[in-house]
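model39.txt (compact mmCIF, C-alpha atoms and all ligand atoms) appears below.
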```txt
# COMPACT_ATOMS: atom_id res chain seq x y z
CA MET A 1 43.53 24.78 -12.22
CA THR A 2 40.09 26.06 -13.19
CA GLN A 3 38.84 25.62 -16.69
CA ARG A 4 36.79 28.59 -17.75
CA LEU A 5 33.67 28.25 -19.81
CA THR A 6 32.97 31.27 -21.92
CA THR A 7 30.05 32.31 -24.07
CA THR A 8 31.94 31.20 -27.15
CA ASP A 9 33.05 27.85 -25.68
CA HIS A 10 30.55 25.27 -26.87
CA ARG A 11 32.85 22.25 -26.85
CA ARG A 12 30.77 19.13 -26.47
CA ASP A 13 33.46 17.54 -24.29
CA ALA A 14 33.84 20.51 -21.89
CA ALA A 15 32.67 18.36 -18.94
CA GLY A 16 34.15 15.11 -20.20
CA LEU A 17 30.72 13.56 -20.78
CA HIS A 18 29.22 11.78 -23.78
CA TYR A 19 25.79 13.42 -24.01
CA ILE A 20 26.02 16.45 -21.72
CA TYR A 21 27.90 19.68 -22.39
CA PRO A 22 27.72 22.80 -20.23
CA VAL A 23 27.61 26.20 -21.94
CA ILE A 24 27.59 29.63 -20.41
CA SER A 25 25.05 30.93 -22.87
CA ARG A 26 24.97 34.52 -24.07
CA ARG A 27 21.41 33.93 -25.24
CA ALA A 28 20.18 32.25 -22.07
CA GLY A 29 22.17 34.44 -19.61
CA GLY A 30 23.59 31.66 -17.40
CA LEU A 31 24.39 27.97 -17.50
CA SER A 32 22.72 26.08 -20.26
CA ILE A 33 23.01 22.30 -19.92
CA GLY A 34 23.26 21.10 -23.48
CA ILE A 35 22.22 17.59 -24.44
CA ASN A 36 23.73 16.26 -27.63
CA PHE A 37 21.97 13.28 -29.19
CA ASN A 38 23.97 13.63 -32.42
CA THR A 39 27.25 12.28 -31.10
CA ASN A 40 28.07 11.20 -34.66
CA ASN A 41 28.08 14.84 -35.91
CA SER A 42 25.23 14.09 -38.30
CA CYS A 43 22.44 16.39 -39.40
CA ASN A 44 19.89 16.31 -42.20
CA TRP A 45 20.86 19.91 -43.06
CA ARG A 46 24.20 21.57 -43.70
CA CYS A 47 23.98 25.21 -42.67
CA VAL A 48 26.86 27.35 -43.95
CA TYR A 49 27.38 28.78 -40.46
CA CYS A 50 27.27 25.40 -38.66
CA GLN A 51 30.03 25.11 -36.05
CA VAL A 52 29.96 21.31 -35.92
CA PRO A 53 33.31 19.93 -37.08
CA ASP A 54 33.29 17.07 -39.60
CA LEU A 55 29.56 17.52 -40.09
CA LYS A 56 27.97 14.67 -42.02
CA ARG A 57 24.50 14.16 -43.47
CA GLY A 58 22.50 11.71 -41.41
CA SER A 59 20.56 11.06 -38.21
CA ALA A 60 21.37 10.70 -34.53
CA PRO A 61 22.48 7.18 -33.53
CA PRO A 62 20.38 5.06 -31.11
CA LEU A 63 20.51 6.46 -27.59
CA ASP A 64 22.17 4.79 -24.61
CA PHE A 65 19.42 5.64 -22.13
CA ALA A 66 21.29 4.34 -19.08
CA LEU A 67 24.30 6.50 -19.90
CA LEU A 68 22.21 9.62 -20.53
CA GLU A 69 20.32 9.08 -17.27
CA SER A 70 23.48 8.60 -15.27
CA GLU A 71 25.25 11.58 -16.83
CA LEU A 72 22.35 13.98 -16.41
CA LYS A 73 21.62 12.99 -12.80
CA HIS A 74 25.26 13.24 -11.77
CA PHE A 75 25.83 16.44 -13.66
CA LEU A 76 22.80 18.13 -12.10
CA ASP A 77 23.95 16.98 -8.65
CA ARG A 78 27.38 18.45 -9.28
CA VAL A 79 25.90 21.78 -10.38
CA LEU A 80 23.26 21.96 -7.62
CA HIS A 81 25.29 20.60 -4.71
CA GLY A 82 28.89 20.24 -5.84
CA ASP A 83 31.87 22.13 -7.17
CA PHE A 84 30.91 22.63 -10.80
CA PHE A 85 30.73 26.44 -10.83
CA ASP A 86 34.02 26.75 -8.87
CA CYS A 87 35.84 24.24 -11.05
CA PHE A 88 34.82 26.02 -14.21
CA GLY A 89 35.38 29.54 -12.81
CA VAL A 90 31.83 30.64 -13.62
CA PRO A 91 31.18 34.27 -12.57
CA GLU A 92 28.83 34.72 -9.59
CA GLN A 93 26.05 36.37 -11.60
CA GLN A 94 25.97 33.47 -14.06
CA ARG A 95 25.71 30.71 -11.43
CA VAL A 96 22.20 29.79 -12.36
CA ILE A 97 20.83 26.95 -14.49
CA LYS A 98 18.93 28.81 -17.19
CA ASP A 99 17.87 25.74 -19.04
CA ILE A 100 18.39 22.21 -20.24
CA ALA A 101 18.77 22.58 -24.00
CA ILE A 102 18.23 19.61 -26.27
CA SER A 103 20.51 20.63 -29.08
CA GLY A 104 23.94 19.51 -30.16
CA ASN A 105 25.89 18.33 -33.17
CA GLY A 106 22.97 17.73 -35.51
CA GLU A 107 19.19 17.70 -35.64
CA PRO A 108 18.01 16.30 -32.27
CA THR A 109 14.57 15.22 -33.49
CA SER A 110 16.26 12.71 -35.80
CA LEU A 111 16.90 10.55 -32.73
CA PRO A 112 14.92 7.30 -33.23
CA GLU A 113 13.72 7.31 -29.60
CA PHE A 114 13.13 11.07 -29.48
CA ALA A 115 9.90 11.05 -27.43
CA GLU A 116 11.26 8.61 -24.82
CA ALA A 117 14.44 10.66 -24.51
CA VAL A 118 12.52 13.91 -23.92
CA ARG A 119 10.43 12.12 -21.30
CA LEU A 120 13.54 10.87 -19.50
CA ILE A 121 15.14 14.31 -19.49
CA GLY A 122 11.94 15.95 -18.27
CA GLU A 123 11.51 13.39 -15.49
CA ILE A 124 15.07 13.86 -14.27
CA GLY A 125 14.77 17.66 -14.32
CA GLU A 126 11.50 17.41 -12.42
CA ALA A 127 12.90 14.96 -9.85
CA LYS A 128 15.85 17.29 -9.23
CA GLY A 129 13.43 20.18 -8.72
CA ILE A 130 14.91 22.50 -11.32
CA PHE A 131 11.63 23.32 -13.13
CA PRO A 132 10.06 25.81 -13.56
CA GLY A 133 12.98 28.00 -12.42
CA SER A 134 15.05 26.53 -15.24
CA GLY A 135 13.66 26.02 -18.70
CA LEU A 136 13.59 22.99 -20.98
CA VAL A 137 14.30 23.90 -24.58
CA LEU A 138 14.39 21.98 -27.83
CA ILE A 139 16.49 23.67 -30.51
CA THR A 140 15.45 22.25 -33.87
CA ASN A 141 15.48 22.94 -37.58
CA GLY A 142 11.85 21.82 -37.54
CA SER A 143 12.17 19.65 -40.63
CA LEU A 144 10.92 16.41 -39.01
CA MET A 145 7.77 17.79 -37.38
CA HIS A 146 5.59 15.55 -39.57
CA GLN A 147 6.91 12.45 -37.76
CA ALA A 148 4.71 10.91 -35.05
CA LYS A 149 7.64 10.34 -32.67
CA VAL A 150 8.63 14.00 -32.95
CA GLN A 151 5.10 15.15 -32.23
CA GLU A 152 4.96 12.79 -29.24
CA GLY A 153 8.25 14.29 -28.05
CA LEU A 154 6.78 17.79 -28.28
CA ARG A 155 3.83 16.68 -26.15
CA GLU A 156 6.31 15.45 -23.56
CA LEU A 157 8.24 18.71 -23.79
CA ASN A 158 5.03 20.65 -23.25
CA ARG A 159 4.15 18.46 -20.24
CA PHE A 160 7.36 19.61 -18.53
CA GLY A 161 6.79 23.28 -19.37
CA GLY A 162 9.30 23.24 -22.22
CA GLU A 163 9.51 25.29 -25.38
CA VAL A 164 10.79 24.92 -28.93
CA TRP A 165 13.23 27.20 -30.73
CA PHE A 166 12.36 26.61 -34.38
CA LYS A 167 14.96 27.59 -36.95
CA LEU A 168 13.92 29.72 -39.90
CA ASP A 169 16.90 31.45 -41.48
CA SER A 170 15.21 32.54 -44.68
CA PRO A 171 11.59 33.08 -45.74
CA THR A 172 12.37 31.87 -49.27
CA LYS A 173 13.25 28.46 -50.61
CA ALA A 174 16.22 29.94 -52.50
CA GLY A 175 17.52 31.41 -49.23
CA ARG A 176 17.15 28.14 -47.36
CA VAL A 177 18.87 26.22 -50.15
CA ALA A 178 21.77 28.68 -49.97
CA ILE A 179 22.05 28.99 -46.18
CA ASN A 180 20.79 25.64 -44.86
CA ASN A 181 21.27 23.37 -47.88
CA SER A 182 17.67 22.36 -47.23
CA LEU A 183 15.15 21.71 -49.99
CA GLU A 184 12.05 22.22 -47.86
CA SER A 185 9.28 24.06 -49.70
CA ASP A 186 7.61 27.15 -48.24
CA ASP A 187 4.45 25.12 -47.65
CA LYS A 188 6.30 22.40 -45.77
CA VAL A 189 8.05 24.91 -43.51
CA LEU A 190 4.73 26.49 -42.60
CA GLN A 191 3.09 23.10 -42.05
CA HIS A 192 5.91 22.12 -39.71
CA LEU A 193 5.76 25.41 -37.85
CA HIS A 194 2.01 25.04 -37.50
CA ILE A 195 2.32 21.51 -36.07
CA CYS A 196 5.07 22.60 -33.70
CA ALA A 197 3.33 25.68 -32.32
CA GLY A 198 0.14 23.67 -31.87
CA LEU A 199 1.89 21.17 -29.59
CA CYS A 200 4.30 23.29 -27.57
CA PRO A 201 5.14 27.00 -27.05
CA THR A 202 7.36 27.94 -29.97
CA LYS A 203 9.85 30.70 -30.65
CA LEU A 204 11.20 31.37 -34.11
CA GLN A 205 14.97 31.53 -34.29
CA THR A 206 16.68 33.27 -37.20
CA CYS A 207 20.40 33.47 -37.79
CA VAL A 208 21.06 36.79 -39.49
CA LEU A 209 24.19 36.87 -41.59
CA ASN A 210 25.70 38.22 -44.75
CA TYR A 211 26.71 35.35 -46.97
CA LYS A 212 28.61 36.38 -50.05
CA ARG A 213 26.50 34.26 -52.38
CA TYR A 214 23.30 35.17 -50.57
CA PRO A 215 23.51 38.48 -48.69
CA TRP A 216 20.81 39.66 -46.28
CA SER A 217 19.01 41.76 -48.86
CA GLN A 218 16.06 44.17 -48.75
CA GLU A 219 14.05 41.53 -50.63
CA GLU A 220 14.82 38.87 -47.98
CA LYS A 221 13.82 41.24 -45.19
CA GLN A 222 10.61 42.23 -46.93
CA ALA A 223 9.68 38.59 -47.58
CA TYR A 224 10.41 37.74 -43.93
CA LEU A 225 8.10 40.53 -42.72
CA GLU A 226 5.39 39.50 -45.16
CA LEU A 227 5.60 35.90 -43.98
CA LEU A 228 5.29 36.90 -40.32
CA SER A 229 2.42 39.18 -41.16
CA ARG A 230 0.64 36.41 -43.09
CA ILE A 231 0.88 33.78 -40.34
CA LYS A 232 0.22 36.14 -37.42
CA ASN A 233 -3.34 34.92 -36.81
CA GLU A 234 -2.73 31.28 -37.73
CA ILE A 235 0.43 30.29 -35.88
CA LYS A 236 1.11 31.42 -32.33
CA LEU A 237 4.76 32.38 -31.95
CA GLU A 238 5.95 33.37 -28.49
CA LYS A 239 8.85 35.38 -29.79
CA ILE A 240 11.10 36.03 -32.77
CA MET A 241 14.76 35.60 -31.86
CA LEU A 242 17.31 37.20 -34.17
CA TYR A 243 20.91 36.24 -33.56
CA SER A 244 24.16 36.83 -35.33
CA ILE A 245 27.05 34.50 -36.13
CA ALA A 246 29.27 34.73 -33.05
CA ARG A 247 31.08 31.44 -33.44
CA GLN A 248 33.39 30.19 -36.14
CA SER A 249 31.69 28.18 -38.85
CA MET A 250 33.32 24.82 -39.52
CA GLN A 251 31.93 24.68 -43.05
CA PRO A 252 33.81 25.39 -46.31
CA GLU A 253 31.85 28.67 -46.67
CA ALA A 254 33.22 30.04 -43.37
CA ASN A 255 35.28 32.77 -45.04
CA GLU A 256 32.29 33.99 -47.04
CA LEU A 257 30.22 34.81 -43.94
CA THR A 258 30.15 38.16 -42.14
CA PRO A 259 27.94 39.32 -39.29
CA VAL A 260 25.21 41.87 -39.94
CA PRO A 261 25.86 45.08 -37.93
CA GLU A 262 23.89 45.27 -34.68
CA GLU A 263 22.13 48.54 -35.65
CA GLN A 264 20.71 46.86 -38.74
CA MET A 265 19.46 43.92 -36.67
CA ARG A 266 17.85 46.23 -34.12
CA GLU A 267 16.24 48.32 -36.83
CA PHE A 268 14.81 45.13 -38.37
CA ALA A 269 13.65 43.96 -34.93
CA LYS A 270 11.61 47.16 -34.60
CA ARG A 271 9.90 46.43 -37.90
CA ILE A 272 8.97 42.95 -36.63
CA GLU A 273 7.70 44.41 -33.35
CA LYS A 274 5.40 46.67 -35.33
CA LEU A 275 3.67 43.52 -36.58
CA GLY A 276 2.83 42.68 -32.97
CA TYR A 277 5.56 40.17 -32.14
CA LYS A 278 7.98 40.08 -29.22
CA VAL A 279 11.53 40.17 -30.56
CA SER A 280 14.98 39.58 -29.08
CA VAL A 281 18.36 40.37 -30.65
CA SER A 282 21.57 38.54 -29.69
CA VAL A 283 24.85 39.65 -31.15
S1 LIG G 1 20.53 22.50 -38.42
FE1 LIG G 1 21.99 22.96 -36.77
S2 LIG G 1 23.32 21.14 -36.60
FE2 LIG G 1 22.21 21.01 -38.55
S3 LIG G 1 23.63 21.89 -40.03
FE3 LIG G 1 22.24 23.55 -39.33
S4 LIG G 1 23.33 24.54 -37.63
FE4 LIG G 1 24.34 22.53 -37.99
```
Here is a file; write its structure as structure tokens.
Amino acid sequence: MTQRLTTTDHRRDAAGLHYIYPVISRRAGGLSIGINFNTNNSCNWRCVYCQVPDLKRGSAPPLDFALLESELKHFLDRVLHGDFFDCFGVPEQQRVIKDIAISGNGEPTSLPEFAEAVRLIGEIGEAKGIFPGSGLVLITNGSLMHQAKVQEGLRELNRFGGEVWFKLDSPTKAGRVAINNSLESDDKVLQHLHICAGLCPTKLQTCVLNYKRYPWSQEEKQAYLELLSRIKNEIKLEKIMLYSIARQSMQPEANELTPVPEEQMREFAKRIEKLGYKVSVSV
């Protein structure tokens, strides 16, 4: 019997592996090979929309390099030369590896051996010949960019043609406290974004949502536009990616979250475009 992967199926055990999870990604438009360092469901943030079950505060545990290497090599072989797409009933038009995405059940840059892990993943992808047709993406909340091992990891990512999707859900500290349970100051966020974009091509990723205690207000939107306008000539951002909450939050606030209507997101995207940025909207 085939097991279908859908755009809302992000189970980390979909392929029965420890570090690797395949996702048919609505954002990427094909197969995204997720790599989850945070197998302990630990993150240094707690976003109200986070879909990680039993999320805990903390860091990724030490990595079993031999296991990651074996899983990634075998998984890529199965996708490239084996029966993966048939077994999972993936539609013909989505039978393409869009990217390897370093993401998962927590903040991936909290991995102690982050730089070495990125190097290993890049080397395997290169040896299997999937770059540059497929991308290499790091999805991060950006909060650990000041760490040397994270910066070294970004250099590695850049070496393999990778890119960073840097999370910024609110332009204000009050918004980030409410949505991300993060205490990062405005200055720190901009410092981290500056470091990141200086080391590797960076896209800004913003989850747009209405949260009862902190709705997506005119003031938030205005502050977001002002921030982008202010940093335009200082920080090179490849794109602004707006996306909505499509998956069920596993946090206590889940019932207080509602998606923002697509027309409102598209209207806001046009305002960002007017500042000179490329923008994408995923609903
Ligand atoms: S940064 Fe990502 S993993 Fe961490 S709490 Fe937020 S959504 Fe979850």
Ref. answer, residues at most 10 Å from (28.9, 33.8, -13.2) with all atoms listed in the file, as a ChimeraX atom specification: /A:5-6,24,29-31,85-86,88-96
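Each of A:Ala223, A:Cys196, A:Ala101, A:Leu257 was checked against A:Pro171 using all atoms listed in the file; the smallest atom-to-atom distance is that of A:Ala223.
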Close residues to ligand LIG 1 (chain G) using only C-alpha atoms and all ligand atoms, limit 7 Å, as number ranges by chain: A: 43-47, 49-52, 104-107, 140-141, 180
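Taking atom CA of A:Glu238 and atom CA of A:Val164 as the two end points, the separation is 9.7 Å.
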Straight-line distance linking atom CA of A:Gly161 with atom CA of A:Val79, stated in Å to one decimal: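 So the two atoms, atom CA of A:Gly161 and atom CA of A:Val79, lie 21.2 Å apart.
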Spatial neighbours of A:Phe75, max dist 10 Å, only C-alpha atoms, sep filter under 2 positions, as a count of residues only: 18
One-decimal distance in Å that lies between atom CA of A:Leu157 and atom CA of A:Cys200: 7.1 Å
Who sits within 12 Å of A:Glu263, all atoms listed in the file, same chain under 3 positions skipped, as a ChimeraX atom specification: /A:244,259-260,266-270,281-283
Residues within 9 Å of stretch 203-210 of chain A, only C-alpha atoms, excluding chain neighbours under 5 positions, as an NGL selection string: :A and (49 or 139 or 163-170 or 193 or 197 or 215-217 or 236-245 or 256-260 or 265)
Counting all atoms listed in the file, the option among A:Ala174, A:Gly198, A:Lys188, A:Ser182 closest to A:Arg155: A:Gly198
Neighbours of point (11.7, 10.2, -27.2) within 12 Å, using all atoms listed in the file, written as a ChimeraX atom specification: /A:37,62-63,65,102,108-122,147-157
Residues within 12 Å of A:Gly133, all atoms listed in the file, excluding chain neighbours under 5 positions, as number ranges by chain: A: 96-100, 125-126, 128, 160-162
Counting all atoms listed in the file, the option among A:Glu220, A:Glu226, A:Glu234, A:Asp83 closest to A:Gln191: A:Glu234
Which residue of A:Ser229, A:Asp54, A:Pro252, A:Leu76 approaches A:Gly129 most closely, using all atoms listed in the file: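 That would be A:Leu76, the residue with the smallest distance to A:Gly129.
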Test item: axis-aligned box, all listed atoms of stretch 97-115 of chain A, 5 Å on each side, centre and edges in Å rounded to one decimal, as JSON:
```
{"center_x": 17.9, "center_y": 18.1, "center_z": -25.1, "size_x": 26.0, "size_y": 31.5, "size_z": 31.3}
```
Residue nearest A:Pro132 - candidates A:Lys212, A:Arg247, A:Arg159, A:His146, atoms counted: all atoms listed in the file: A:Arg159
My structure is short of atoms at stretch 254-281 of chain A; please model N, CA and C atoms there, returning them as a short mmCIF file (atom, residue, chain, number, x, y, z; two decimals), in the coordinates of the input.
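Saved the output as selection-v2.cif:
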```cif
data_model
loop_
_atom_site.label_atom_id
_atom_site.label_comp_id
_atom_site.auth_asym_id
_atom_site.auth_seq_id
_atom_site.Cartn_x
_atom_site.Cartn_y
_atom_site.Cartn_z
N ALA A 254 32.95 29.20 -44.55
CA ALA A 254 33.22 30.04 -43.37
C ALA A 254 33.77 31.43 -43.74
N ASN A 255 34.67 31.49 -44.71
CA ASN A 255 35.28 32.77 -45.04
C ASN A 255 34.37 33.69 -45.85
N GLU A 256 33.22 33.17 -46.25
CA GLU A 256 32.29 33.99 -47.04
C GLU A 256 31.20 34.60 -46.15
N LEU A 257 31.27 34.34 -44.84
CA LEU A 257 30.22 34.81 -43.94
C LEU A 257 30.70 36.02 -43.14
N THR A 258 29.84 37.02 -43.02
CA THR A 258 30.15 38.16 -42.14
C THR A 258 28.91 38.51 -41.34
N PRO A 259 29.11 38.96 -40.09
CA PRO A 259 27.94 39.32 -39.29
C PRO A 259 27.25 40.57 -39.84
N VAL A 260 25.96 40.66 -39.60
CA VAL A 260 25.21 41.87 -39.94
C VAL A 260 25.39 42.85 -38.78
N PRO A 261 25.67 44.14 -39.03
CA PRO A 261 25.86 45.08 -37.93
C PRO A 261 24.65 45.11 -36.98
N GLU A 262 24.95 45.30 -35.70
CA GLU A 262 23.89 45.27 -34.68
C GLU A 262 22.79 46.30 -34.95
N GLU A 263 23.16 47.51 -35.40
CA GLU A 263 22.13 48.54 -35.65
C GLU A 263 21.12 48.05 -36.68
N GLN A 264 21.63 47.36 -37.70
CA GLN A 264 20.71 46.86 -38.74
C GLN A 264 19.77 45.80 -38.18
N MET A 265 20.31 44.96 -37.28
CA MET A 265 19.46 43.92 -36.67
C MET A 265 18.40 44.56 -35.79
N ARG A 266 18.81 45.58 -35.03
CA ARG A 266 17.85 46.23 -34.12
C ARG A 266 16.79 47.00 -34.90
N GLU A 267 17.21 47.58 -36.00
CA GLU A 267 16.24 48.32 -36.83
C GLU A 267 15.22 47.33 -37.41
N PHE A 268 15.72 46.15 -37.83
CA PHE A 268 14.81 45.13 -38.37
C PHE A 268 13.89 44.60 -37.27
N ALA A 269 14.46 44.44 -36.06
CA ALA A 269 13.65 43.96 -34.93
C ALA A 269 12.47 44.90 -34.68
N LYS A 270 12.71 46.20 -34.81
CA LYS A 270 11.61 47.16 -34.60
C LYS A 270 10.51 46.97 -35.64
N ARG A 271 10.91 46.65 -36.85
CA ARG A 271 9.90 46.43 -37.90
C ARG A 271 9.07 45.18 -37.58
N ILE A 272 9.72 44.18 -37.01
CA ILE A 272 8.97 42.95 -36.63
C ILE A 272 8.03 43.26 -35.47
N GLU A 273 8.54 44.04 -34.50
CA GLU A 273 7.70 44.41 -33.35
C GLU A 273 6.43 45.13 -33.79
N LYS A 274 6.58 45.92 -34.83
CA LYS A 274 5.40 46.67 -35.33
C LYS A 274 4.30 45.73 -35.83
N LEU A 275 4.68 44.50 -36.16
CA LEU A 275 3.67 43.52 -36.58
C LEU A 275 2.96 42.89 -35.39
N GLY A 276 3.46 43.20 -34.17
CA GLY A 276 2.83 42.68 -32.97
C GLY A 276 3.54 41.51 -32.32
N TYR A 277 4.79 41.27 -32.72
CA TYR A 277 5.56 40.17 -32.14
C TYR A 277 6.54 40.69 -31.07
N LYS A 278 6.85 39.82 -30.11
CA LYS A 278 7.98 40.08 -29.22
C LYS A 278 9.25 39.69 -29.98
N VAL A 279 10.30 40.45 -29.82
CA VAL A 279 11.53 40.17 -30.56
C VAL A 279 12.73 40.29 -29.63
N SER A 280 13.70 39.41 -29.79
CA SER A 280 14.98 39.58 -29.08
C SER A 280 16.10 39.58 -30.11
N VAL A 281 17.18 40.29 -29.76
CA VAL A 281 18.36 40.37 -30.65
C VAL A 281 19.57 39.95 -29.85
#
```
